[in-house]
file target00.cif (mmCIF, C-alpha atoms)
data_query
loop_
_atom_site.label_atom_id
_atom_site.label_comp_id
_atom_site.auth_asym_id
_atom_site.auth_seq_id
_atom_site.Cartn_x
_atom_site.Cartn_y
_atom_site.Cartn_z
CA MET I 1 108.49 152.00 -28.78
CA ASN I 2 110.47 153.93 -31.33
CA VAL I 3 113.78 152.40 -32.23
CA LYS I 4 116.35 154.37 -34.13
CA SER I 5 117.50 152.20 -37.02
CA ASP I 6 120.14 154.77 -37.92
CA ILE I 7 122.38 154.52 -34.89
CA PHE I 8 124.92 156.32 -36.96
CA SER I 9 123.76 159.62 -38.39
CA PRO I 10 123.38 160.07 -42.15
CA SER I 11 126.45 162.33 -42.10
CA GLU I 12 129.62 161.28 -43.86
CA ARG I 13 131.00 160.15 -40.52
CA GLY I 14 127.88 158.05 -39.99
CA GLN I 15 128.18 156.54 -43.45
CA ILE I 16 131.75 155.52 -42.70
CA LEU I 17 130.78 153.91 -39.39
CA GLN I 18 127.91 152.03 -41.04
CA ALA I 19 130.22 150.79 -43.78
CA ALA I 20 132.80 149.67 -41.22
CA ALA I 21 130.14 147.77 -39.25
CA ASP I 22 128.76 146.13 -42.39
CA LEU I 23 132.21 145.07 -43.58
CA CYS I 24 133.16 143.64 -40.19
CA THR I 25 130.00 141.56 -40.21
CA GLU I 26 130.69 140.23 -43.69
CA GLN I 27 134.45 139.74 -43.58
CA GLY I 28 135.61 139.86 -39.96
CA TYR I 29 137.58 142.62 -38.29
CA ALA I 30 141.06 141.75 -39.50
CA GLU I 31 140.09 141.66 -43.16
CA VAL I 32 138.69 145.19 -43.31
CA THR I 33 140.93 147.82 -44.87
CA ILE I 34 140.63 151.59 -45.15
CA GLU I 35 140.12 151.18 -48.88
CA ASP I 36 137.20 148.80 -48.28
CA VAL I 37 135.54 151.25 -45.92
CA ILE I 38 136.04 154.17 -48.28
CA ASP I 39 134.64 152.20 -51.22
CA ARG I 40 131.62 150.99 -49.28
CA SER I 41 130.81 154.30 -47.64
CA GLY I 42 131.20 156.39 -50.76
CA VAL I 43 133.12 159.14 -48.98
CA SER I 44 136.38 160.47 -50.35
CA PRO I 45 139.74 159.25 -49.02
CA GLU I 46 140.44 162.82 -47.97
CA LYS I 47 137.29 162.95 -45.89
CA PHE I 48 138.10 159.62 -44.26
CA ALA I 49 141.59 160.85 -43.40
CA GLN I 50 140.19 164.12 -42.07
CA ILE I 51 137.80 162.31 -39.70
CA PHE I 52 139.73 159.20 -38.70
CA GLY I 53 143.33 159.79 -39.75
CA GLY I 54 145.14 156.91 -41.41
CA GLU I 55 144.03 154.12 -39.09
CA VAL I 56 141.06 151.87 -39.74
CA GLU I 57 141.09 151.04 -36.03
CA GLU I 58 140.14 154.63 -35.18
CA CYS I 59 137.04 154.15 -37.27
CA MET I 60 136.23 150.85 -35.51
CA LEU I 61 136.74 152.45 -32.11
CA ALA I 62 134.35 155.24 -33.05
CA ALA I 63 131.77 152.70 -34.28
CA ILE I 64 131.82 150.55 -31.17
CA ASN I 65 131.83 153.62 -28.94
CA ALA I 66 128.74 154.90 -30.71
CA ILE I 67 126.97 151.57 -30.30
CA VAL I 68 127.80 151.23 -26.63
CA ALA I 69 126.63 154.81 -26.01
CA GLU I 70 123.37 154.09 -27.85
CA VAL I 71 122.80 150.84 -25.94
CA MET I 72 123.48 152.46 -22.58
CA SER I 73 121.19 155.37 -23.45
CA ALA I 74 118.36 153.03 -24.51
CA VAL I 75 118.73 150.80 -21.45
CA ALA I 76 119.09 153.70 -19.01
CA ALA I 77 115.94 155.31 -20.45
CA SER I 78 114.04 152.17 -19.41
CA TYR I 79 114.89 152.72 -15.77
CA SER I 80 112.49 155.02 -14.01
CA ALA I 81 111.60 155.80 -10.44
CA ASP I 82 107.98 155.18 -11.47
CA ARG I 83 108.71 151.58 -12.34
CA SER I 84 109.82 148.60 -10.33
CA GLU I 85 113.39 147.44 -10.72
CA LEU I 86 112.10 144.32 -12.49
CA ASP I 87 109.94 146.19 -14.98
CA SER I 88 112.86 148.51 -15.66
CA ALA I 89 115.16 145.57 -16.31
CA LEU I 90 112.59 143.96 -18.61
CA LEU I 91 112.09 147.14 -20.60
CA GLY I 92 115.84 147.63 -20.73
CA ILE I 93 116.35 144.19 -22.28
CA ARG I 94 113.55 144.88 -24.75
CA ALA I 95 115.12 148.21 -25.73
CA LEU I 96 118.47 146.54 -26.30
CA LEU I 97 117.01 143.74 -28.43
CA GLU I 98 114.97 146.14 -30.55
CA LEU I 99 118.00 148.30 -31.11
CA MET I 100 120.05 145.33 -32.29
CA ALA I 101 117.25 143.95 -34.47
CA ALA I 102 116.98 147.32 -36.19
CA ASN I 103 120.58 147.15 -37.30
CA PRO I 104 122.14 143.66 -37.48
CA SER I 105 125.60 144.97 -38.38
CA PHE I 106 125.73 146.91 -35.12
CA ALA I 107 124.64 143.81 -33.27
CA HIS I 108 127.47 141.82 -34.89
CA LEU I 109 129.95 144.52 -34.05
CA ALA I 110 128.74 144.77 -30.46
CA TYR I 111 128.34 141.10 -29.62
CA ILE I 112 130.76 139.22 -31.86
CA VAL I 113 133.42 141.40 -33.43
CA SER I 114 134.29 143.55 -30.43
CA ARG I 115 134.34 140.55 -28.11
CA GLN I 116 136.31 137.99 -30.07
CA MET I 117 137.71 139.43 -33.27
CA ALA I 118 138.86 142.97 -32.71
CA SER I 119 141.98 144.61 -31.28
CA PRO I 120 142.51 144.93 -27.52
CA ARG I 121 141.46 148.60 -27.66
CA VAL I 122 138.11 147.74 -29.20
CA HIS I 123 137.71 144.81 -26.82
CA GLU I 124 138.20 147.16 -23.87
CA ILE I 125 135.12 149.12 -24.93
CA TYR I 126 133.10 145.90 -25.12
CA ASP I 127 134.31 145.03 -21.63
CA ALA I 128 133.38 148.44 -20.30
CA GLY I 129 129.91 148.24 -21.85
CA THR I 130 129.17 144.77 -20.50
CA GLY I 131 130.57 145.86 -17.14
CA LEU I 132 128.07 148.70 -16.97
CA LEU I 133 125.16 146.45 -17.94
CA ALA I 134 126.27 143.89 -15.36
CA ALA I 135 126.37 146.60 -12.68
CA MET I 136 122.80 147.58 -13.55
CA LEU I 137 121.67 143.96 -13.40
CA ASP I 138 123.50 143.47 -10.13
CA ARG I 139 121.03 145.84 -8.49
CA LEU I 140 118.67 142.86 -8.41
CA ARG I 141 120.92 141.41 -5.73
CA GLU I 142 118.84 143.33 -3.20
CA GLN I 143 115.84 141.23 -4.21
CA SER I 144 117.52 137.91 -3.47
CA VAL I 145 115.79 136.41 -0.48
CA GLY I 146 117.24 133.56 1.53
CA PHE I 147 120.39 133.09 -0.53
CA GLU I 148 123.47 135.04 -1.55
CA PRO I 149 124.09 134.98 -5.33
CA PRO I 150 127.75 134.30 -6.23
CA ALA I 151 129.88 137.31 -7.13
CA LYS I 152 129.73 136.85 -10.90
CA THR I 153 126.00 136.14 -11.16
CA SER I 154 125.23 139.29 -13.17
CA ARG I 155 128.11 138.72 -15.60
CA SER I 156 127.24 135.07 -16.18
CA GLY I 157 123.53 135.87 -16.50
CA LEU I 158 124.30 138.43 -19.17
CA GLY I 159 126.72 135.98 -20.77
CA GLY I 160 124.03 133.36 -21.18
CA ALA I 161 121.78 135.92 -22.83
CA GLU I 162 124.61 137.06 -25.10
CA ALA I 163 125.25 133.49 -26.24
CA VAL I 164 121.64 133.16 -27.36
CA VAL I 165 121.87 136.51 -29.16
CA ARG I 166 125.10 135.50 -30.90
CA ALA I 167 123.60 132.21 -32.08
CA GLU I 168 120.66 134.10 -33.58
CA LEU I 169 122.96 136.61 -35.27
CA MET I 170 125.13 133.90 -36.78
CA ALA I 171 121.99 132.15 -38.05
CA GLY I 172 120.99 135.38 -39.81
CA ARG I 173 117.93 135.92 -37.62
CA ALA I 174 118.68 139.37 -36.20
CA GLU I 175 115.13 140.51 -36.85
CA GLN I 176 113.91 137.81 -34.47
CA LEU I 177 115.90 139.13 -31.51
CA PRO I 178 112.98 140.93 -29.79
CA ARG I 179 111.15 137.58 -29.53
CA LEU I 180 113.89 136.38 -27.20
CA LEU I 181 112.77 138.81 -24.50
CA PRO I 182 111.12 136.25 -22.18
CA ASP I 183 114.04 133.80 -22.44
CA LEU I 184 116.71 136.43 -21.89
CA ALA I 185 114.83 138.07 -19.05
CA TYR I 186 114.65 134.68 -17.36
CA GLY I 187 118.31 133.83 -17.93
CA ALA I 188 119.61 137.18 -16.80
CA THR I 189 117.61 137.31 -13.58
CA VAL I 190 117.07 133.77 -12.31
CA GLY I 191 120.31 133.80 -10.32
CA PHE I 192 119.05 136.76 -8.31
CA LEU I 193 115.29 136.33 -8.18
CA GLY I 194 114.88 132.60 -7.91
CA GLN I 195 113.09 130.42 -10.40
CA GLU I 196 109.49 131.28 -9.55
CA GLU I 197 109.97 135.04 -9.82
CA ALA I 198 112.15 134.77 -12.95
CA LEU I 199 109.49 132.62 -14.63
CA ARG I 200 106.94 135.28 -13.70
CA LEU I 201 109.17 137.91 -15.31
CA ALA I 202 109.40 135.77 -18.45
CA THR I 203 105.62 135.61 -18.54
CA ARG I 204 105.54 139.39 -18.22
CA GLY I 205 107.95 139.51 -21.15
CA ARG I 206 105.56 137.42 -23.24
CA GLU I 207 102.74 139.82 -22.32
CA LEU I 208 104.89 142.70 -23.50
CA LEU I 209 105.50 140.96 -26.81
CA ARG I 210 101.78 140.39 -27.26
CA GLY I 211 101.12 144.04 -26.46
CA THR I 212 99.03 143.18 -23.42
CA PRO I 213 98.75 146.36 -21.32
CA TRP I 214 100.48 146.35 -17.97
CA GLU I 215 99.17 147.36 -14.57
CA MET R 1 150.63 111.10 -43.67
CA ASP R 2 150.05 108.83 -40.69
CA SER R 3 147.65 109.99 -38.01
CA SER R 4 150.23 110.64 -35.30
CA ARG R 5 152.31 112.92 -37.53
CA ARG R 6 149.15 114.59 -38.72
CA ASP R 7 148.09 115.25 -35.13
CA ILE R 8 151.50 116.66 -34.23
CA LEU R 9 151.37 118.94 -37.25
CA LEU R 10 147.84 120.15 -36.49
CA ASP R 11 148.71 120.95 -32.87
CA ALA R 12 151.81 122.80 -34.06
CA VAL R 13 149.72 124.86 -36.49
CA LEU R 14 147.41 125.94 -33.69
CA LEU R 15 150.25 126.80 -31.32
CA GLU R 16 151.88 128.85 -34.06
CA LEU R 17 148.57 130.61 -34.62
CA SER R 18 148.41 131.40 -30.91
CA ARG R 19 151.89 132.90 -30.96
CA THR R 20 151.86 134.82 -34.24
CA GLY R 21 148.23 135.53 -35.07
CA TYR R 22 146.65 134.63 -38.39
CA ALA R 23 148.22 137.38 -40.50
CA GLU R 24 151.76 136.34 -39.56
CA LEU R 25 151.14 132.60 -39.49
CA SER R 26 153.78 130.79 -41.53
CA VAL R 27 153.24 127.17 -42.44
CA GLN R 28 156.89 126.88 -43.46
CA GLY R 29 158.01 127.46 -39.88
CA VAL R 30 155.64 124.78 -38.62
CA LEU R 31 156.78 122.32 -41.28
CA ALA R 32 160.41 122.87 -40.32
CA ASP R 33 159.63 122.24 -36.66
CA THR R 34 157.62 119.10 -37.28
CA GLY R 35 159.69 117.55 -40.05
CA VAL R 36 156.80 117.50 -42.51
CA SER R 37 157.72 118.32 -46.10
CA GLU R 38 155.89 120.93 -48.14
CA SER R 39 154.77 118.32 -50.64
CA GLU R 40 153.33 116.17 -47.83
CA PHE R 41 151.51 119.21 -46.45
CA GLU R 42 150.10 120.15 -49.83
CA SER R 43 149.01 116.61 -50.50
CA GLU R 44 147.25 116.38 -47.13
CA PHE R 45 145.73 119.87 -46.83
CA GLY R 46 146.37 121.92 -49.94
CA GLU R 47 146.73 125.21 -48.15
CA LYS R 48 147.03 126.90 -44.76
CA ASP R 49 143.36 127.45 -44.08
CA ALA R 50 142.42 123.82 -44.67
CA ALA R 51 145.00 122.78 -42.09
CA LEU R 52 143.73 125.38 -39.65
CA PHE R 53 140.13 124.24 -39.93
CA ALA R 54 141.18 120.60 -39.57
CA ALA R 55 143.27 121.52 -36.52
CA TYR R 56 140.40 123.39 -34.89
CA ARG R 57 138.00 120.51 -35.57
CA ARG R 58 140.45 118.19 -33.88
CA LEU R 59 140.84 120.52 -30.91
CA SER R 60 137.07 120.84 -30.61
CA GLU R 61 136.72 117.06 -30.61
CA ARG R 62 139.32 116.78 -27.85
CA VAL R 63 137.53 119.38 -25.74
CA VAL R 64 134.11 117.78 -26.16
CA ASP R 65 135.48 114.27 -25.58
CA GLU R 66 137.29 115.40 -22.43
CA ALA R 67 134.15 116.93 -20.96
CA MET R 68 131.58 114.37 -22.11
CA GLY R 69 133.85 111.40 -21.51
CA SER R 70 134.10 112.29 -17.85
CA CYS R 71 130.35 112.07 -17.25
CA SER R 72 128.68 108.90 -16.12
CA ASP R 73 125.03 108.03 -16.65
CA ASP R 74 125.03 106.57 -13.13
CA GLU R 75 125.43 110.03 -11.63
CA ARG R 76 122.67 112.53 -10.86
CA TRP R 77 122.48 115.22 -13.56
CA PRO R 78 124.19 117.93 -11.46
CA GLU R 79 126.98 115.48 -10.68
CA ARG R 80 127.39 114.61 -14.35
CA ILE R 81 127.70 118.29 -15.17
CA ARG R 82 130.19 118.75 -12.36
CA SER R 83 132.34 115.84 -13.55
CA GLY R 84 132.38 117.06 -17.14
CA LEU R 85 133.02 120.66 -16.15
CA LYS R 86 135.86 119.66 -13.85
CA ALA R 87 137.59 117.75 -16.65
CA LEU R 88 137.07 120.62 -19.07
CA LEU R 89 138.46 123.26 -16.70
CA GLU R 90 141.48 121.13 -15.87
CA MET R 91 142.22 120.61 -19.55
CA LEU R 92 141.98 124.33 -20.32
CA ALA R 93 144.20 125.17 -17.34
CA ALA R 94 146.81 122.62 -18.43
CA GLU R 95 146.89 123.93 -22.01
CA PRO R 96 146.55 127.71 -21.80
CA GLU R 97 147.83 128.35 -25.33
CA MET R 98 145.34 125.90 -26.80
CA ALA R 99 142.65 127.46 -24.62
CA ARG R 100 143.38 130.83 -26.18
CA VAL R 101 143.30 129.35 -29.68
CA LEU R 102 139.97 127.78 -28.82
CA ILE R 103 138.26 131.00 -27.75
CA ARG R 104 140.00 133.76 -29.65
CA SER R 105 142.89 133.11 -32.07
CA PHE R 106 140.88 130.88 -34.40
CA PRO R 107 137.32 132.17 -33.93
CA GLY R 108 138.52 135.73 -34.42
CA ILE R 109 139.91 135.23 -37.92
CA ARG R 110 136.68 135.69 -39.88
CA PRO R 111 132.97 134.81 -39.73
CA ALA R 112 133.51 131.25 -41.01
CA THR R 113 135.95 130.51 -38.19
CA TYR R 114 133.67 132.15 -35.66
CA GLN R 115 130.88 129.84 -36.81
CA CYS R 116 133.09 126.91 -35.75
CA TYR R 117 133.15 128.36 -32.24
CA VAL R 118 129.36 128.74 -32.19
CA ASP R 119 129.09 125.15 -33.38
CA LEU R 120 131.44 124.02 -30.61
CA LEU R 121 129.28 125.65 -27.93
CA ALA R 122 126.20 124.04 -29.47
CA ARG R 123 127.75 120.63 -28.91
CA PHE R 124 127.38 121.10 -25.16
CA VAL R 125 123.66 121.79 -25.44
CA PRO R 126 122.56 118.10 -25.56
CA ALA R 127 124.25 117.52 -22.19
CA MET R 128 121.88 120.13 -20.77
CA HIS R 129 118.66 118.48 -21.98
CA ALA R 130 118.54 116.16 -18.97
CA GLY R 131 118.47 119.27 -16.79
CA ARG R 132 114.91 119.85 -17.94
CA ASP R 133 113.68 116.56 -16.48
CA TYR R 134 115.75 117.11 -13.36
CA SER R 135 114.37 120.64 -12.90
CA GLY R 136 110.82 119.57 -12.13
CA VAL R 137 109.51 122.58 -14.08
CA ASP R 138 110.42 121.44 -17.60
CA GLU R 139 107.29 122.78 -19.29
CA GLU R 140 107.78 126.26 -17.91
CA LEU R 141 111.44 126.65 -18.80
CA PRO R 142 112.35 128.89 -21.75
CA SER R 143 113.10 127.13 -25.03
CA SER R 144 116.68 128.41 -25.02
CA VAL R 145 117.46 127.47 -21.41
CA GLU R 146 120.17 125.02 -22.48
CA LEU R 147 122.10 127.66 -24.41
CA LEU R 148 121.55 130.18 -21.62
CA ALA R 149 123.34 127.75 -19.30
CA VAL R 150 126.17 126.98 -21.71
CA GLY R 151 126.66 130.66 -22.51
CA ALA R 152 126.74 131.67 -18.86
CA ALA R 153 129.54 129.22 -18.15
CA GLU R 154 131.36 130.12 -21.35
CA THR R 155 131.42 133.77 -20.35
CA LEU R 156 133.21 133.11 -17.06
CA ILE R 157 135.65 130.75 -18.76
CA PHE R 158 136.27 133.17 -21.64
CA VAL R 159 137.11 136.05 -19.31
CA GLU R 160 139.74 134.04 -17.45
CA ILE R 161 141.40 132.61 -20.55
CA ASP R 162 141.39 135.96 -22.30
CA ALA R 163 143.02 137.60 -19.28
CA GLY R 164 145.77 134.96 -19.23
CA ARG R 165 144.38 133.33 -16.09
CA ALA R 166 143.44 129.89 -17.42
CA ASP R 167 145.31 128.38 -14.47
CA ARG R 168 142.59 129.69 -12.15
CA LEU R 169 139.76 127.85 -13.90
CA PRO R 170 139.81 124.65 -11.83
CA GLY R 171 139.40 126.74 -8.68
CA MET R 172 136.31 128.36 -10.20
CA LEU R 173 134.50 125.04 -10.62
CA PRO R 174 131.88 125.71 -7.91
CA GLU R 175 130.83 129.11 -9.25
CA ILE R 176 130.81 128.02 -12.90
CA LEU R 177 128.78 124.96 -11.90
CA PHE R 178 126.28 127.32 -10.25
CA THR R 179 125.86 129.28 -13.48
CA ILE R 180 125.05 126.12 -15.44
CA LEU R 181 122.62 124.69 -12.93
CA VAL R 182 120.77 127.83 -11.89
CA PRO R 183 118.51 128.24 -14.95
CA PHE R 184 117.28 124.66 -14.42
CA ILE R 185 116.97 124.30 -10.67
CA GLY R 186 117.04 127.84 -9.30
CA PRO R 187 119.61 129.51 -7.06
CA GLU R 188 118.85 127.72 -3.80
CA ARG R 189 119.40 124.22 -5.17
CA ALA R 190 122.24 125.39 -7.42
CA ALA R 191 123.94 126.92 -4.36
CA GLU R 192 123.73 123.56 -2.57
CA GLU R 193 125.44 121.88 -5.50
CA MET R 194 128.01 124.67 -5.52
CA GLN R 195 128.74 124.12 -1.84
CA SER R 196 129.05 120.41 -2.42
CA ALA R 197 131.54 121.01 -5.24
CA ALA R 198 133.53 123.44 -3.07
CA THR R 199 133.96 120.90 -0.30
CA ALA R 200 134.54 117.84 -2.49
#

call {"tool": "encode", "arguments": {"input": "target00.cif", "output": "structure tokens"}}
result
Amino acid sequence: MNVKSDIFSPSERGQILQAAADLCTEQGYAEVTIEDVIDRSGVSPEKFAQIFGGEVEECMLAAINAIVAEVMSAVAASYSADRSELDSALLGIRALLELMAANPSFAHLAYIVSRQMASPRVHEIYDAGTGLLAAMLDRLREQSVGFEPPAKTSRSGLGGAEAVVRAELMAGRAEQLPRLLPDLAYGATVGFLGQEEALRLATRGRELLRGTPWE
Amino acid sequence: MDSSRRDILLDAVLLELSRTGYAELSVQGVLADTGVSESEFESEFGEKDAALFAAYRRLSERVVDEAMGSCSDDERWPERIRSGLKALLEMLAAEPEMARVLIRSFPGIRPATYQCYVDLLARFVPAMHAGRDYSGVDEELPSSVELLAVGAAETLIFVEIDAGRADRLPGMLPEILFTILVPFIGPERAAEEMQSAATA
């Protein structure tokens, strides 16, 4: 699978967004100033002002919007009428993890900064993104047999997976994220599928990691 | 500084952080409210950040003690989790400002403060280990199943505190319990425990 490591284009706008993401990861959201972003990105103050005005928050909003759009695009591309819902979900999780491993600063911005450090406007985008992913996961509700999953099962399943991702990011192991596929697939789906089926999906995730062909 | 005055000061620092945010946080205002002199403060902590970290460590200890101290080894594992979770949710509901400091005001300052939050969550992981034995499928469970469970519960708790609805947390005990148990024992058995918690 091809993963774009340059979520942000090599344009001056992209350089600014990359710099903002890198600085947030290193310093935290509140510490980042326009001057920092300009220095790190190498663009002129005039160019920054032309693109984002005088607010560093506009730059952060653009960065998190770009990441959420990229994540949703990668995950949605994994869903296909030719695949089962479970295979689609598994490939969607893999796509997300590979995307984040390819650019740790984006992963920090998406999973840590926008959730717990940033302004309410940035946090709203995080909420919207996780809401969309939860809605996709909630489609597995139809596969629950003999029990009714509680209302927040998709949100909590994703939350468990996010906690594991955040722990890896904080430990500086972003490149290891794709290896979490079996664990995260299990955690995200067990509330809908039941333990036996979720364990089977985790096994399928391990096969994917080993490159074992499907079908 | 004696421990009781120190504790009062540390709680006051966190409440001030909750109200003003880090950028506007003034130690002078806290000192005036608590009757601690600047020289005492400097002798004890040196500067604002040292007091903040000490205050968050103390809050974390209180949270962990409240949850873990409510569990009894005589109970089945799901019951132990339920007892600890109930105490935790009641504490967070009773102290909504501290709850907000716990999840956002302090962790959001910078990466070093966020690490304290990650460390706090990790302290609940050992309480999950017994879930492996209880599950009956220990060998098959993912290596990160404990953190999956903690993180699932944390997400539901975070959303309520962040939305200013910490008071609702005790009423969510059954569903949050489900999220912790389900990776270990599956949805059918977790739902039974949830029902039991709802009718207790």

call {"tool": "closest_residue", "arguments": {"input": "target00.cif", "among": "I:Arg40, I:Arg200, I:Arg173, I:Arg210", "to": "chain R", "atoms": "all atoms listed in the file"}}
result
I:Arg200

call {"tool": "interface_residues", "arguments": {"input": "target00.cif", "of": "chain I", "to": "chain R", "cutoff": "9 Å", "atoms": "only C-alpha atoms", "output": "count of residues only"}}
result
51

call {"tool": "residues_near_point", "arguments": {"input": "target00.cif", "point": "(147.5, 125.7, -34.5)", "cutoff": "9 Å", "atoms": "only C-alpha atoms", "output": "ChimeraX atom specification"}}
result
/R:9-18,51-52,55-56,98,101,106

call {"tool": "atom_distance", "arguments": {"input": "target00.cif", "atom1": "atom CA of I:Leu17", "atom2": "atom CA of I:Leu181"}}
result
27.8 Å

call {"tool": "residues_around", "arguments": {"input": "target00.cif", "residues": "I:Arg204", "least_positions_apart": "5", "cutoff": "12 Å", "atoms": "all atoms listed in the file", "output": "JSON, numbers by chain"}}
result
{"I": [86, 87, 88, 89, 90, 91, 94, 181, 182, 183, 185, 186, 197, 198, 199, 209, 210, 211, 212, 213, 214, 215]}

call {"tool": "residues_around", "arguments": {"input": "target00.cif", "residues": "I:Lys47", "least_positions_apart": "2", "cutoff": "12 Å", "atoms": "all atoms listed in the file", "output": "list in words"}}
result
Ser11, Glu12, Arg13, Gln15, Ile16, Ile34, Val37, Ile38, Ser41, Gly42, Val43, Ser44, Pro45, Ala49, Gln50, Ile51, Phe52, Gly53 and Gly54 of chain I

call {"tool": "closest_residue", "arguments": {"input": "target00.cif", "among": "I:Leu61, I:Met136, I:Ala19, I:Val56", "to": "I:Glu85", "atoms": "all atoms listed in the file"}}
result
I:Met136

call {"tool": "atom_distance", "arguments": {"input": "target00.cif", "atom1": "atom CA of R:Leu85", "atom2": "atom CA of R:Asp7"}}
result
24.8 Å

call {"tool": "atom_distance", "arguments": {"input": "target00.cif", "atom1": "atom CA of I:Ala21", "atom2": "atom CA of I:Met60"}}
result
7.8 Å

call {"tool": "closest_residue", "arguments": {"input": "target00.cif", "among": "R:Ala163, R:Met91, R:Met1, R:Val63", "to": "I:Asp127", "atoms": "only C-alpha atoms"}}
result
R:Ala163

call {"tool": "closest_residue", "arguments": {"input": "target00.cif", "among": "I:Val75, I:Ala62, I:Leu208, I:Ala20", "to": "I:Arg121", "atoms": "only C-alpha atoms"}}
result
I:Ala62

call {"tool": "residues_around", "arguments": {"input": "target00.cif", "residues": "stretch 170-172 of chain R", "least_positions_apart": "5", "cutoff": "7 Å", "atoms": "only C-alpha atoms", "output": "VMD selection string"}}
result
chain R and resid 86 89 to 90

call {"tool": "residues_around", "arguments": {"input": "target00.cif", "residues": "stretch 98-107 of chain I", "least_positions_apart": "4", "cutoff": "9 Å", "atoms": "all atoms listed in the file", "output": "MDAnalysis selection string"}}
result
chainID I and resid 1 3:7 18 21:26 63:64 67 70:71 74 93:94 111:112 165:166 169 172:178

call {"tool": "write_last_selection", "arguments": {"input": "target00.cif", "atoms": "C-alpha atoms", "output": "compact mmCIF listing (two decimals), in the coordinates of the input"}}
result
# COMPACT_ATOMS: atom_id res chain seq x y z
CA MET I 1 108.49 152.00 -28.78
CA VAL I 3 113.78 152.40 -32.23
CA LYS I 4 116.35 154.37 -34.13
CA SER I 5 117.50 152.20 -37.02
CA ASP I 6 120.14 154.77 -37.92
CA ILE I 7 122.38 154.52 -34.89
CA GLN I 18 127.91 152.03 -41.04
CA ALA I 21 130.14 147.77 -39.25
CA ASP I 22 128.76 146.13 -42.39
CA LEU I 23 132.21 145.07 -43.58
CA CYS I 24 133.16 143.64 -40.19
CA THR I 25 130.00 141.56 -40.21
CA GLU I 26 130.69 140.23 -43.69
CA ALA I 63 131.77 152.70 -34.28
CA ILE I 64 131.82 150.55 -31.17
CA ILE I 67 126.97 151.57 -30.30
CA GLU I 70 123.37 154.09 -27.85
CA VAL I 71 122.80 150.84 -25.94
CA ALA I 74 118.36 153.03 -24.51
CA ILE I 93 116.35 144.19 -22.28
CA ARG I 94 113.55 144.88 -24.75
CA TYR I 111 128.34 141.10 -29.62
CA ILE I 112 130.76 139.22 -31.86
CA VAL I 165 121.87 136.51 -29.16
CA ARG I 166 125.10 135.50 -30.90
CA LEU I 169 122.96 136.61 -35.27
CA GLY I 172 120.99 135.38 -39.81
CA ARG I 173 117.93 135.92 -37.62
CA ALA I 174 118.68 139.37 -36.20
CA GLU I 175 115.13 140.51 -36.85
CA GLN I 176 113.91 137.81 -34.47
CA LEU I 177 115.90 139.13 -31.51
CA PRO I 178 112.98 140.93 -29.79

call {"tool": "axis_aligned_box", "arguments": {"input": "target00.cif", "around": "stretch 117-128 of chain R", "padding_each_side": "5 Å", "output": "AutoDock Vina command-line options"}}
result
--center_x 127.5 --center_y 123.1 --center_z -27.1 --size_x 21.3 --size_y 21.2 --size_z 22.6

call {"tool": "resolve_selection", "arguments": {"input": "target00.cif", "expression": "the PyMOL selection byres ((chain R and resi 31) around 12)", "output": "list in words"}}
result
Arg5, Arg6, Ile8, Leu9, Leu10, Asp11, Ala12, Val13, Glu16, Leu25, Ser26, Val27, Gln28, Gly29, Val30, Ala32, Asp33, Thr34, Gly35, Val36, Ser37, Glu38, Ser39, Glu40, Phe41, Glu42, Lys48 and Ala51 of chain R

call {"tool": "decode", "arguments": {"input": "target00.cif", "residues": "stretch 63-76 of chain I", "atoms": "C-alpha atoms", "output": "PDB file, in the first residue's frame"}}
result
ATOM      1  CA  ALA I  63      -3.429  21.679   9.559  1.00  0.00           C
ATOM      2  CA  ILE I  64      -5.928  19.612  11.506  1.00  0.00           C
ATOM      3  CA  ASN I  65      -8.508  19.971   8.740  1.00  0.00           C
ATOM      4  CA  ALA I  66      -5.988  18.644   6.249  1.00  0.00           C
ATOM      5  CA  ILE I  67      -5.160  15.679   8.468  1.00  0.00           C
ATOM      6  CA  VAL I  68      -8.770  14.766   9.128  1.00  0.00           C
ATOM      7  CA  ALA I  69      -9.531  14.996   5.395  1.00  0.00           C
ATOM      8  CA  GLU I  70      -6.549  12.749   4.626  1.00  0.00           C
ATOM      9  CA  VAL I  71      -7.542  10.209   7.285  1.00  0.00           C
ATOM     10  CA  MET I  72     -11.147  10.089   6.120  1.00  0.00           C
ATOM     11  CA  SER I  73     -10.028   9.715   2.511  1.00  0.00           C
ATOM     12  CA  ALA I  74      -7.635   6.857   3.377  1.00  0.00           C
ATOM     13  CA  VAL I  75     -10.190   5.051   5.536  1.00  0.00           C
ATOM     14  CA  ALA I  76     -13.059   5.547   3.079  1.00  0.00           C
TER      15      ALA I  76
END
